[in-house]
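All remarks here apply to the structure that follows.
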Amino acid sequence: MTNKMWGGRFQSGPDAIMEEINASIGFDKRLFRQDIAGSKAHAAMLAKQGIIPKSDAALIRKGLEQVQAEIEAGAFTFSRALEDIHLNVESRLKDIIGPAAGRLHTARSRNDQVALDFRLYVRDTVDHLDAQLKELQLALAGKAEQHAATVMPGFTHLQVAQPVTFGHHLLAYVEMLARDRSRLADARKRMNENPLGAAALAGTSFPIDRHMTAEALGFDRPTRNSLDTVADRDFVLETLSACAICSMHLSRLAEEIVIWSTSQFRFVKLSDKFTTGSSIMPQKRNPDAAELVRAKPGRIIGALLSLLTVMKGLPLTYSKDMQEDKEPAFDAFDNMSLAIAATTGMVKDMVPNRDEMRKAAASGFSTATDLADWLVRTLKMPFREAHHVTGSLVALAEAKGCDLPELPLSAMQSVEKRITKEVYKVLTVENSVASRVSFGGTSPTNVKREAKRWLKLLKG
Ligand code: ARG
C-alpha cells in the first residue's frame, strides 16, 4: 500500500527496511502535545485569515482535542507506516472528523511543523530544568547557611591548601548553577521565535498571519527567514551545550561527594535514600547516585557532539539527517533532569561531620599562608622572604612530627628570632577562615551574608 498522506505519485509502498529506517514515531511521539498545540494555533489562524472555513477549523480543534485525550489515555495506536507524530495525529484526525482534516495542512509542511514542535519541546525542557536547578540552588544555599562557620580543608591539586568553610564550598556550586541557568535563559531567549509559516522552505502564497500564531504559542515574534527556519537546529545545540556544562558541574560535585563519603575522608554521611549496599560486603554503603551523576556527562556531552556532527556540512535547507536530532537530545534532557533531581536529594540529606572536617582542615600545615602573612604584616617582611621563612618552619615541624601550632616558640625563633607568641593566634583554622574577609572570601561572616542573599534571591 502506498502512503495515504503523500502516496499520490507512488505505485508501491516502502520496503520493510525503508520503513524501519525512515520512521521516527518510536521516539517523536513524545512531541504529541506540542504537535497538537501547533496544529490548533495553525487552524485558528487559517480560519481567521479566511483560508479555511470557520466550521472546518472548529471541527479540527475538537478533533485534535479528542486525539490528545486518546494519546493521554494510552488509547491511541501509533503506526510506523505513518512515519512520525505529525502524520499519526493528522491521520487519526481524519478518521475522527473526515475530509475537513485535509485542510489542516494548508500553508504548512512537516518541515516547519517539526521545527515548531521541537522548539516548543526544548522551550518546555528549559523551563523545567531551570525550575529544578533553582531547587538545587536552594538546597545548597540552605546547607551553606547552616554551615557558614563549619571549617573544612580547601584543596588545590587535591592537597590540603587552606582552611575554608563548608558553606563557602557549597556556595561555589550555587554560583556555577546560576551561570548554568543564565545560559539556559539565553538559549531560551534566542529560540523563542515562531517557525510556523516557513512551510516547506520558501514560505507560502497563502495570506497567513505568522504574528498571530506566534502570539498564540507564546513566541516573541516570527522567525525572519524561511530557509533558516527549517534548516536550523542551533536552538537544540545551545540547550545541549548549556546542559553539557551543567552536567559537568554536577559531576564535579558528585565526585566530591564520592570522595567526602569514603572512610578515608569521612567528611559527610549520605542518607540511606541515596546509597546502596553490597550483596557480598555487609559493611558497604556505596554512593551510587553520586557515581551516576558523575557519569552523566558521558551521554549529555555525547548528545551535543552527536548533533553537531549530524548538522555539520548539511546543505540548506531540511534534510532527513535532521530527524537524528531528537533521540540523543531527549536522552540528554531526561538524564540532565534526573541528575539534578538526584543531586538535590543527596545535598538535602547529607550530613557533614564537623569534627572530621576540622581535623583535616588543621592537617597538612594548612595555616602556613597565615603564618607567612603574619610575618609580612607584623615584621614588614617582603612576602617572598616570608614564604621562605615559613617554608623552613614547615620543614622543622615536619621533622619534629608536629603541626605548626604545636611548634614551640623557641623552635620558631631559631628560624626567625623576631617571631613572638602572638603568631599562634593566626595558626588556628578558625582564625584563619575568620581572617578571609576580602570580598568573595571564605570568612564565616561573608558566607553567612552570601547564603542569606542567595536564599532571599531564590525565594523572592
Ligand atoms: N520526522 C521528521 C523529522 O523529525 C519530520 C519532518 C519530515 N519532513 C520531510 N520533509 N520528510 O525531521
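Quick note on naming: the chains in the C-alpha cells go A, B, ... in the order shown, residues restart at 1 in each chain, and ligands are numbered from 1 in order of appearance.
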
(message) Give me, as a list in words, all polymer residues having an atom no more than 12 Å from Ser91 in chain A, counting only C-alpha atoms and skipping those fewer than 5 positions away in the same chain.
(response) Asn3, Lys4, Met5, Trp6, Ile60, Gly63, Leu64, Val67, Phe76, Thr77, Phe78, Ser79, Ala81, Leu82, Glu83, Asp84, Ile85, His86, Ile96, Ile97, Gly98, Pro99, Ala100, Ala101, Gly102, Leu104 and His105 of chain A

(request) Name the residues, by chain letter and number, that sit within 6 Å of ligand 1 using only C-alpha atoms and all ligand atoms, and give them as a list in words. (result)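 Residues satisfying the distance criterion: Ser24, Asp84, Arg110, Asn111, Val114, Lys320, Met322 and Gln323 of chain A.
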
(request) Go through A:Glu65, A:Glu291, A:Lys284, A:Ile245 one by one, measure the shortest atom-to-atom distance of each to Ile259 in chain A using only C-alpha atoms, and give the residue with the smallest value. (result) A:Glu291

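For the pair CA of Ala141 in chain A and CA of Thr445 in chain A, the interatomic distance is 14.6 Å.
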
(message) From the options A:Phe330, A:Tyr318, A:Phe274, A:Tyr173, which residue's atoms come nearest to Arg252 in chain A, counting only C-alpha atoms?
(response)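 Ranking A:Phe330, A:Tyr318, A:Phe274, A:Tyr173 by distance to Arg252 in chain A, first place goes to A:Tyr173.
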